Each structure stands twice: as structure tokens, then as C-alpha cells.
file upload-v7.pdb (PDB, C-alpha atoms and all ligand atoms)
ATOM      1  CA  MET A   1      -3.653 -10.206  -5.737
ATOM      2  CA  GLU A   2      -4.879 -12.703  -8.380
ATOM      3  CA  PRO A   3      -7.117 -11.102 -11.025
ATOM      4  CA  GLY A   4     -10.729 -11.734  -9.998
ATOM      5  CA  ALA A   5      -9.788 -13.077  -6.557
ATOM      6  CA  PRO A   6     -11.732 -11.654  -3.609
ATOM      7  CA  PRO A   7      -9.753  -8.941  -1.862
ATOM      8  CA  PRO A   8      -8.009 -10.281   1.256
ATOM      9  CA  VAL A   9      -9.570  -7.653   3.502
ATOM     10  CA  ARG A  10     -12.690  -7.422   5.632
ATOM     11  CA  VAL A  11     -14.847  -4.639   7.058
ATOM     12  CA  ALA A  12     -15.152  -4.439  10.860
ATOM     13  CA  THR A  13     -15.618  -1.853  13.593
ATOM     14  CA  ALA A  14     -12.512   0.311  13.860
ATOM     15  CA  GLY A  15     -13.401   2.521  16.858
ATOM     16  CA  PRO A  16     -14.849   6.027  17.091
ATOM     17  CA  GLN A  17     -14.256   6.505  13.362
ATOM     18  CA  GLY A  18     -16.880   3.812  12.613
ATOM     19  CA  PHE A  19     -16.216   0.841  10.362
ATOM     20  CA  GLY A  20     -12.825   0.268   8.819
ATOM     21  CA  VAL A  21     -11.041  -2.198   6.529
ATOM     22  CA  PHE A  22      -8.698  -4.837   7.954
ATOM     23  CA  ALA A  23      -6.133  -7.091   6.280
ATOM     24  CA  LEU A  24      -7.067 -10.780   6.310
ATOM     25  CA  GLY A  25      -3.665 -11.789   5.005
ATOM     26  CA  ALA A  26      -0.227 -10.228   4.799
ATOM     27  CA  PHE A  27       0.627  -7.623   2.169
ATOM     28  CA  ARG A  28       4.147  -6.772   1.058
ATOM     29  CA  LYS A  29       5.254  -3.206   0.431
ATOM     30  CA  GLY A  30       4.168  -2.327  -3.126
ATOM     31  CA  ASP A  31       1.248  -4.807  -3.242
ATOM     32  CA  CYS A  32      -2.082  -3.572  -4.551
ATOM     33  CA  VAL A  33      -4.382  -3.766  -1.524
ATOM     34  CA  LEU A  34      -7.594  -2.763  -3.261
ATOM     35  CA  GLU A  35      -9.053  -0.884  -6.169
ATOM     36  CA  PHE A  36     -11.853   1.582  -5.585
ATOM     37  CA  GLY A  37     -15.064   0.734  -7.412
ATOM     38  CA  GLY A  38     -18.357   2.544  -7.776
ATOM     39  CA  GLU A  39     -20.060   4.600 -10.432
ATOM     40  CA  LEU A  40     -18.249   7.617 -11.899
ATOM     41  CA  LEU A  41     -20.292  10.633 -10.790
ATOM     42  CA  PRO A  42     -20.042  14.405 -11.238
ATOM     43  CA  GLU A  43     -19.862  16.320  -7.957
ATOM     44  CA  GLU A  44     -23.257  17.972  -8.438
ATOM     45  CA  LEU A  45     -25.039  14.589  -8.386
ATOM     46  CA  ILE A  46     -23.580  13.626  -4.987
ATOM     47  CA  GLN A  47     -25.385  14.512  -1.768
ATOM     48  CA  ASP A  48     -23.287  12.525   0.703
ATOM     49  CA  PHE A  49     -19.538  12.345   0.054
ATOM     50  CA  THR A  50     -18.810   9.933   2.926
ATOM     51  CA  HIS A  51     -18.311   6.812   0.818
ATOM     52  CA  THR A  52     -16.941   8.431  -2.306
ATOM     53  CA  ILE A  53     -13.404   8.974  -3.585
ATOM     54  CA  GLN A  54     -12.422  11.914  -5.757
ATOM     55  CA  VAL A  55     -10.763  10.889  -9.035
ATOM     56  CA  ASP A  56     -10.491  14.227 -10.822
ATOM     57  CA  ASP A  57     -11.737  17.805 -10.712
ATOM     58  CA  GLY A  58     -15.456  17.578  -9.938
ATOM     59  CA  LEU A  59     -15.455  13.807 -10.571
ATOM     60  CA  PHE A  60     -15.916  11.070  -7.983
ATOM     61  CA  LEU A  61     -16.370   7.322  -7.696
ATOM     62  CA  GLY A  62     -19.604   6.747  -5.765
ATOM     63  CA  PRO A  63     -20.123   4.005  -3.174
ATOM     64  CA  SER A  64     -19.346   0.539  -4.577
ATOM     65  CA  GLY A  65     -21.050  -1.436  -1.807
ATOM     66  CA  GLY A  66     -17.713  -3.179  -1.204
ATOM     67  CA  SER A  67     -14.941  -2.893   1.357
ATOM     68  CA  ASP A  68     -13.341   0.027  -0.529
ATOM     69  CA  ASP A  69     -16.185   2.225   0.793
ATOM     70  CA  PHE A  70     -14.870   1.856   4.338
ATOM     71  CA  VAL A  71     -11.157   2.719   4.268
ATOM     72  CA  ASN A  72     -10.386   5.175   7.069
ATOM     73  CA  HIS A  73      -7.826   7.971   7.249
ATOM     74  CA  SER A  74      -4.624   7.757   9.276
ATOM     75  CA  CYS A  75      -1.901  10.351   9.807
ATOM     76  CA  ASN A  76       0.507   7.368   9.753
ATOM     77  CA  PRO A  77      -1.022   5.297   6.947
ATOM     78  CA  ASN A  78       0.077   1.937   5.559
ATOM     79  CA  THR A  79      -1.136   2.532   1.986
ATOM     80  CA  TYR A  80      -1.079   5.363  -0.530
ATOM     81  CA  LEU A  81      -3.282   6.320  -3.440
ATOM     82  CA  VAL A  82      -2.304   5.669  -7.022
ATOM     83  CA  SER A  83      -4.652   7.479  -9.346
ATOM     84  CA  LYS A  84      -5.049   7.043 -13.103
ATOM     85  CA  PRO A  85      -8.465   8.627 -13.572
ATOM     86  CA  PRO A  86     -11.004   7.158 -13.485
ATOM     87  CA  ARG A  87      -9.187   4.280 -11.737
ATOM     88  CA  VAL A  88      -7.803   4.567  -8.202
ATOM     89  CA  TRP A  89      -5.889   1.949  -6.208
ATOM     90  CA  LEU A  90      -4.442   1.659  -2.720
ATOM     91  CA  ILE A  91      -0.853   0.384  -2.687
ATOM     92  CA  ALA A  92       0.903  -0.872   0.468
ATOM     93  CA  SER A  93       3.502   1.706   1.545
ATOM     94  CA  ARG A  94       5.089  -0.869   3.887
ATOM     95  CA  ASP A  95       4.591  -4.517   4.810
ATOM     96  CA  ILE A  96       1.155  -5.029   6.403
ATOM     97  CA  LEU A  97       0.394  -7.833   8.863
ATOM     98  CA  PRO A  98      -2.874  -9.816   8.987
ATOM     99  CA  GLY A  99      -5.362  -7.981  11.225
ATOM    100  CA  GLU A 100      -3.883  -4.507  10.657
ATOM    101  CA  GLU A 101      -6.279  -1.767   9.669
ATOM    102  CA  ILE A 102      -5.796  -0.521   6.093
ATOM    103  CA  THR A 103      -5.564   3.275   6.003
ATOM    104  CA  PHE A 104      -4.422   6.096   3.771
ATOM    105  CA  ASP A 105      -3.901   9.823   4.292
ATOM    106  CA  TYR A 106      -7.071  11.561   3.131
ATOM    107  CA  ALA A 107      -5.076  14.784   2.679
ATOM    108  CA  THR A 108      -3.558  13.215  -0.448
ATOM    109  CA  GLY A 109      -6.965  12.508  -1.977
ATOM    110  CA  THR A 110      -9.112  15.563  -1.487
ATOM    111  CA  GLY A 111      -9.255  18.642  -3.642
ATOM    112  CA  ASP A 112     -10.898  21.718  -2.224
ATOM    113  CA  ARG A 113     -13.565  20.039  -0.104
ATOM    114  CA  ASP A 114     -13.638  20.243   3.680
ATOM    115  CA  GLU A 115     -12.801  17.061   5.536
ATOM    116  CA  PHE A 116     -13.794  16.074   9.076
ATOM    117  CA  ASP A 117     -12.432  18.108  11.953
ATOM    118  CA  VAL A 118     -11.383  15.539  14.549
ATOM    119  CA  CYS A 119      -9.022  12.689  13.658
ATOM    120  CA  TYR A 120      -9.257   9.502  15.701
ATOM    121  CA  CYS A 121      -6.390   7.668  13.994
ATOM    122  CA  GLY A 122      -4.444   7.409  17.274
ATOM    123  CA  ALA A 123      -1.025   7.679  15.591
ATOM    124  CA  PRO A 124       1.676   9.322  17.732
ATOM    125  CA  GLN A 125       2.126  11.868  14.918
ATOM    126  CA  CYS A 126      -1.657  12.453  14.554
ATOM    127  CA  ARG A 127      -2.291  15.937  13.166
ATOM    128  CA  GLY A 128      -5.559  16.166  15.114
ATOM    129  CA  ARG A 129      -7.702  16.900  12.083
ATOM    130  CA  VAL A 130      -7.794  15.986   8.433
ATOM    131  CA  SER A 131      -6.390  18.821   6.441
ATOM    132  CA  ARG A 132      -6.158  19.482   2.741
ATOM    133  CA  PHE A 133      -2.906  18.579   0.974
ATOM    134  CA  TRP A 134      -1.595  22.173   0.802
ATOM    135  CA  ASP A 135      -2.083  22.563   4.581
ATOM    136  CA  LEU A 136       0.338  19.684   5.295
ATOM    137  CA  PRO A 137       3.876  20.515   6.501
ATOM    138  CA  PRO A 138       6.072  21.064   3.385
ATOM    139  CA  LYS A 139       8.270  18.075   4.302
ATOM    140  CA  LEU A 140       5.251  15.743   4.324
ATOM    141  CA  GLN A 141       4.001  17.222   1.035
ATOM    142  CA  ARG A 142       7.394  16.466  -0.523
ATOM    143  CA  PHE A 143       7.347  12.904   0.902
ATOM    144  CA  TYR A 144       3.923  12.140  -0.618
ATOM    145  CA  ARG A 145       4.795  13.802  -3.943
ATOM    146  CA  LYS A 146       8.004  11.759  -4.208
ATOM    147  CA  ALA A 147       6.040   8.571  -3.509
ATOM    148  CA  GLY A 148       3.682   9.379  -6.422
ATOM    149  CA  ALA A 149       0.822   9.373  -3.908
ATOM    150  CA  VAL A 150      -0.806  12.657  -4.903
ATOM    151  CA  PRO A 151      -3.325  12.658  -7.770
ATOM    152  CA  ASN A 152      -2.786  15.336 -10.426
ATOM    153  CA  PHE A 153      -5.981  17.203  -9.589
ATOM    154  CA  VAL A 154      -4.746  17.658  -5.983
ATOM    155  CA  LEU A 155      -1.337  18.879  -7.176
ATOM    156  CA  GLN A 156      -2.988  21.334  -9.571
ATOM    157  CA  THR A 157      -5.267  22.689  -6.829
ATOM    158  CA  ALA A 158      -2.256  22.980  -4.506
ATOM    159  CA  ARG A 159      -0.370  24.973  -7.194
ATOM    160  CA  MET A 160      -3.352  27.306  -7.598
ATOM    161  CA  LYS A 161      -3.431  27.856  -3.824
ATOM    162  CA  ARG A 162       0.243  28.843  -3.848
ATOM    163  CA  ALA A 163      -0.078  31.151  -6.882
TER     164      ALA A 163
HETATM  165  C1  LIG B   1     -14.847   6.441   3.527
HETATM  166  S1  LIG B   1     -15.633   6.575   5.085
HETATM  167  C2  LIG B   1     -14.767   5.401   6.008
HETATM  168  C3  LIG B   1     -15.735   4.419   6.671
HETATM  169  C4  LIG B   1     -16.441   5.000   7.864
HETATM  170  N1  LIG B   1     -15.590   4.862   9.040
HETATM  171  C5  LIG B   1     -17.757   4.305   8.072
HETATM  172  O1  LIG B   1     -17.990   3.693   9.133
HETATM  173  O2  LIG B   1     -18.614   4.386   7.183
HETATM  174  C6  LIG B   1     -15.038   8.153   5.592
HETATM  175  C7  LIG B   1     -15.587   8.639   6.915
HETATM  176  O3  LIG B   1     -15.054   7.851   8.003
HETATM  177  C8  LIG B   1     -14.758   8.709   9.112
HETATM  178  N2  LIG B   1     -13.318   8.639   9.361
HETATM  179  C9  LIG B   1     -12.391   8.009   8.585
HETATM  180  N3  LIG B   1     -11.166   8.106   9.125
HETATM  181  C10 LIG B   1     -11.301   8.810  10.267
HETATM  182  C11 LIG B   1     -10.394   9.274  11.276
HETATM  183  N4  LIG B   1      -9.090   9.014  11.224
HETATM  184  N5  LIG B   1     -10.897  10.001  12.315
HETATM  185  C12 LIG B   1     -12.209  10.295  12.381
HETATM  186  N6  LIG B   1     -13.131   9.890  11.474
HETATM  187  C13 LIG B   1     -12.687   9.167  10.429
HETATM  188  C14 LIG B   1     -15.202  10.121   8.746
HETATM  189  O4  LIG B   1     -16.510  10.286   9.215
HETATM  190  C15 LIG B   1     -15.181  10.078   7.233
HETATM  191  O5  LIG B   1     -16.066  10.995   6.659
HETATM  192 ZN    ZN B   2      -4.678  11.370  12.813
END
call {"tool": "encode", "arguments": {"input": "upload-v7.pdb", "output": "C-alpha cells", "more": "lines below"}}
Ligand SMILES: C[S@@+](CC[C@H](N)C(=O)[O-])C[C@H]1O[C@@H](n2cnc3c(N)ncnc32)[C@H](O)[C@@H]1O
Ligand SMILES: [Zn+2]
result
Amino acid sequence: MEPGAPPPVRVATAGPQGFGVFALGAFRKGDCVLEFGGELLPEELIQDFTHTIQVDDGLFLGPSGGSDDFVNHSCNPNTYLVSKPPRVWLIASRDILPGEEITFDYATGTGDRDEFDVCYCGAPQCRGRVSRFWDLPPKLQRFYRKAGAVPNFVLQTARMKRA
């Protein structure tokens, strides 16, 4: 992605999960697909978490008004989170074709908050609901940790849960 160039994605209807973000061009594995924007907000100032992304303990990026507000969850995602608080990016975890929906696994990005109960991602390996990171099967936790896709605040909360 050229610095300052418009992101090669667009927002469109994704299905029962509402709007989603779709690739306009091809991405190669390792490409930065988008960076989350929005104002840095403490948890207590947020009433609706739908279009926010957690960046640290009790700290979120609010809605940006851009396409990054609309990235859906998938249990078989094509991007992963890279988090250097307060900045958060989505990186392609495999090659992505034009027209594909951009998704990431919300379980890698939430701390202790509840997520939605029914997952509509449609992946053959769909887990049926969006769980927290420490509820994932240990093998999947290891896979995401090895990929560097789990922000530190999630890892710390997971450690506390195990202690
Ligand atoms: C960041 S928004 C994504 C954009 C949202 N689809 C919209 O139309 O505004 C997160 C919300 O999208 C919905 N969502 C995202 N992925 C989903 C999925 N796999 N299954 C069901 N709902 C999903 C949930 O309501 C979730 O709280
Ligand atoms: Zn799913």
C-alpha cells in the first residue's frame, strides 16, 4: 500500500452479519490490508462497542468513519491483527483475491468483554460463536501466538485466566 493511497477495499453488504469489507485488488500474504483509525478512548466513555477495536487494557480506538469500522469476524480469517498500541493493523495471512471479504478472528482482539453469540462466517470450521482467546482450542491459541497475532493485553488476560 502506498503511503497516503486510498485503501484498496470497499464496504458492502456481507450477509446476515451486516456490512463487511471487501478487497478491490489483490493482496499478497504479509501485505498491510488496513490500519484501524478512530479516536483513542477509555472504555468508560464508550456506550456502543460495535465499531471499536481494543488496543490495550481499557483502551479502544473509536469508530473512524472509514472501512476499518466494518471488518467482520471469521473463524477462517484471511488477515490477522498486529498491535503496537495505540496503532493496530490488519495483515494478510494468505494471498487475497479481488472481491474476497476481509476478515479476522475477533477472539484474538478482545480482552474480557463478551462477543456476539452466533457466528455467521460460514467457514467449514466455524466455531458457532465468537469466543474469547482463552476459550479457543489450545492448538489454535498456539497458532495465533506463533503468528504474532495476539495483542499483549489479550495474552496477559489469558495468563490471568489460567493462573
Ligand atoms: C466491527 S462491526 C463489523 C461491521 C458490521 N457487520 C456492521 O454492519 O456494522 C462488528 C459487528 O458485526 C457483526 N459481526 C461481525 N462478524 C460477524 C460474524 N462472523 N457473525 C455474526 N455477526 C458478525 C456483529 O454484530 C459485531 O458486533
Ligand atoms: Zn464462524
call {"tool": "residues_around", "arguments": {"input": "upload-v7.pdb", "residues": "range 88-93 of chain A", "least_positions_apart": "4", "cutoff": "6 Å", "atoms": "only C-alpha atoms", "output": "PyMOL selection string"}}
result
chain A and resi 29-36+78-83
call {"tool": "residues_around", "arguments": {"input": "upload-v7.pdb", "residues": "Ile46 in chain A", "least_positions_apart": "3", "cutoff": "12 Å", "atoms": "all atoms listed in the file", "output": "PyMOL selection string"}}
result
chain A and resi 39-43+49-54+58-63
call {"tool": "residues_around", "arguments": {"input": "upload-v7.pdb", "residues": "Gly15 in chain A", "least_positions_apart": "2", "cutoff": "12 Å", "atoms": "all atoms listed in the file", "output": "list in words"}}
result
Ala12, Thr13, Gln17, Gly18, Phe19, Gly20, Val21, Asn72, Glu101, Cys119, Tyr120, Cys121 and Gly122 of chain A
call {"tool": "resolve_selection", "arguments": {"input": "upload-v7.pdb", "expression": "the PyMOL selection byres (((chain A and resi 22) around 6) and not hetatm)", "output": "list of chain:residue names"}}
result
A:Val9, A:Arg10, A:Val21, A:Ala23, A:Gly99, A:Glu100, A:Glu101, A:Ile102
call {"tool": "closest_residue", "arguments": {"input": "upload-v7.pdb", "among": "A:Gln47, A:Asn152, A:Thr110, A:Thr103", "to": "ligand LIG 1 (chain B)", "atoms": "all atoms listed in the file"}}
result
A:Thr103
call {"tool": "resolve_selection", "arguments": {"input": "upload-v7.pdb", "expression": "the PyMOL selection byres (((not hetatm)) within 8 of (chain B and resi 2))", "output": "list in words"}}
result
His73, Ser74, Cys75, Asn76, Cys119, Tyr120, Cys121, Gly122, Ala123, Gln125, Cys126, Arg127, Gly128, Arg129 and Val130 of chain A
call {"tool": "axis_aligned_box", "arguments": {"input": "upload-v7.pdb", "around": "ligand LIG 1 (chain B)", "padding_each_side": "3 Å", "output": "JSON"}}
result
{"center_x": -13.9, "center_y": 7.3, "center_z": 8.0, "size_x": 15.5, "size_y": 13.3, "size_z": 14.9}
call {"tool": "closest_residue", "arguments": {"input": "upload-v7.pdb", "among": "A:Asp56, A:Asp95, A:Glu44, A:Asp68", "to": "ligand LIG 1 (chain B)", "atoms": "all atoms listed in the file"}}
result
A:Asp68
call {"tool": "closest_residue", "arguments": {"input": "upload-v7.pdb", "among": "A:Leu136, A:Val118, A:Ala26, A:Ala147", "to": "ligand LIG 1 (chain B)", "atoms": "all atoms listed in the file"}}
result
A:Val118
call {"tool": "closest_residue", "arguments": {"input": "upload-v7.pdb", "among": "A:Asp105, A:Arg132, A:Thr157, A:Val71", "to": "ligand LIG 1 (chain B)", "atoms": "all atoms listed in the file"}}
result
A:Val71
call {"tool": "atom_distance", "arguments": {"input": "upload-v7.pdb", "atom1": "CA of Ala107 in chain A", "atom2": "CA of Phe70 in chain A"}}
result
16.3 Å
call {"tool": "closest_residue", "arguments": {"input": "upload-v7.pdb", "among": "A:Phe27, A:Asp117, A:Leu97, A:Leu155", "to": "ligand LIG 1 (chain B)", "atoms": "only C-alpha atoms and all ligand atoms"}}
result
A:Asp117
call {"tool": "atom_distance", "arguments": {"input": "upload-v7.pdb", "atom1": "CA of Gly66 in chain A", "atom2": "atom C7 of ligand LIG 1 (chain B)"}}
result
14.5 Å
call {"tool": "atom_distance", "arguments": {"input": "upload-v7.pdb", "atom1": "CA of Asp135 in chain A", "atom2": "CA of Arg159 in chain A"}}
result
12.1 Å
call {"tool": "build_atoms", "arguments": {"input": "upload-v7.pdb", "residues": "range 20-39 of chain A", "atoms": "N, CA and C atoms", "output": "CSV table (one decimal), keeping the file's coordinate frame"}}
result
chain,number,residue,atom,x,y,z
A,20,GLY,N,-14.1,0.1,9.5
A,20,GLY,CA,-12.8,0.3,8.8
A,20,GLY,C,-12.5,-1.0,8.1
A,21,VAL,N,-11.4,-1.0,7.3
A,21,VAL,CA,-11.0,-2.2,6.5
A,21,VAL,C,-9.8,-2.8,7.1
A,22,PHE,N,-9.8,-4.1,7.3
A,22,PHE,CA,-8.7,-4.8,8.0
A,22,PHE,C,-8.1,-5.9,7.0
A,23,ALA,N,-6.8,-6.1,7.1
A,23,ALA,CA,-6.1,-7.1,6.3
A,23,ALA,C,-6.5,-8.5,6.8
A,24,LEU,N,-6.9,-9.4,5.9
A,24,LEU,CA,-7.1,-10.8,6.3
A,24,LEU,C,-5.8,-11.6,6.1
A,25,GLY,N,-5.0,-11.1,5.2
A,25,GLY,CA,-3.7,-11.8,5.0
A,25,GLY,C,-2.6,-10.7,5.0
A,26,ALA,N,-1.4,-11.2,4.8
A,26,ALA,CA,-0.2,-10.2,4.8
A,26,ALA,C,-0.1,-9.6,3.4
A,27,PHE,N,0.3,-8.3,3.4
A,27,PHE,CA,0.6,-7.6,2.2
A,27,PHE,C,2.1,-7.2,2.3
A,28,ARG,N,2.8,-7.3,1.1
A,28,ARG,CA,4.1,-6.8,1.1
A,28,ARG,C,4.1,-5.3,0.5
A,29,LYS,N,5.1,-4.6,0.9
A,29,LYS,CA,5.3,-3.2,0.4
A,29,LYS,C,5.1,-3.2,-1.1
A,30,GLY,N,4.3,-2.4,-1.7
A,30,GLY,CA,4.2,-2.3,-3.1
A,30,GLY,C,3.0,-3.1,-3.6
A,31,ASP,N,2.4,-4.0,-2.8
A,31,ASP,CA,1.2,-4.8,-3.2
A,31,ASP,C,0.1,-3.9,-3.5
A,32,CYS,N,-0.8,-4.3,-4.4
A,32,CYS,CA,-2.1,-3.6,-4.6
A,32,CYS,C,-3.0,-4.2,-3.5
A,33,VAL,N,-3.5,-3.3,-2.6
A,33,VAL,CA,-4.4,-3.8,-1.5
A,33,VAL,C,-5.8,-3.8,-2.0
A,34,LEU,N,-6.2,-2.8,-2.7
A,34,LEU,CA,-7.6,-2.8,-3.3
A,34,LEU,C,-7.7,-1.7,-4.3
A,35,GLU,N,-8.7,-1.9,-5.2
A,35,GLU,CA,-9.1,-0.9,-6.2
A,35,GLU,C,-10.4,-0.3,-5.8
A,36,PHE,N,-10.6,1.0,-5.9
A,36,PHE,CA,-11.9,1.6,-5.6
A,36,PHE,C,-12.8,1.3,-6.7
A,37,GLY,N,-14.0,1.0,-6.4
A,37,GLY,CA,-15.1,0.7,-7.4
A,37,GLY,C,-16.1,1.8,-7.4
A,38,GLY,N,-17.3,1.6,-7.8
A,38,GLY,CA,-18.4,2.5,-7.8
A,38,GLY,C,-18.5,3.3,-9.1
A,39,GLU,N,-19.7,3.9,-9.2
A,39,GLU,CA,-20.1,4.6,-10.4
A,39,GLU,C,-19.3,6.0,-10.5
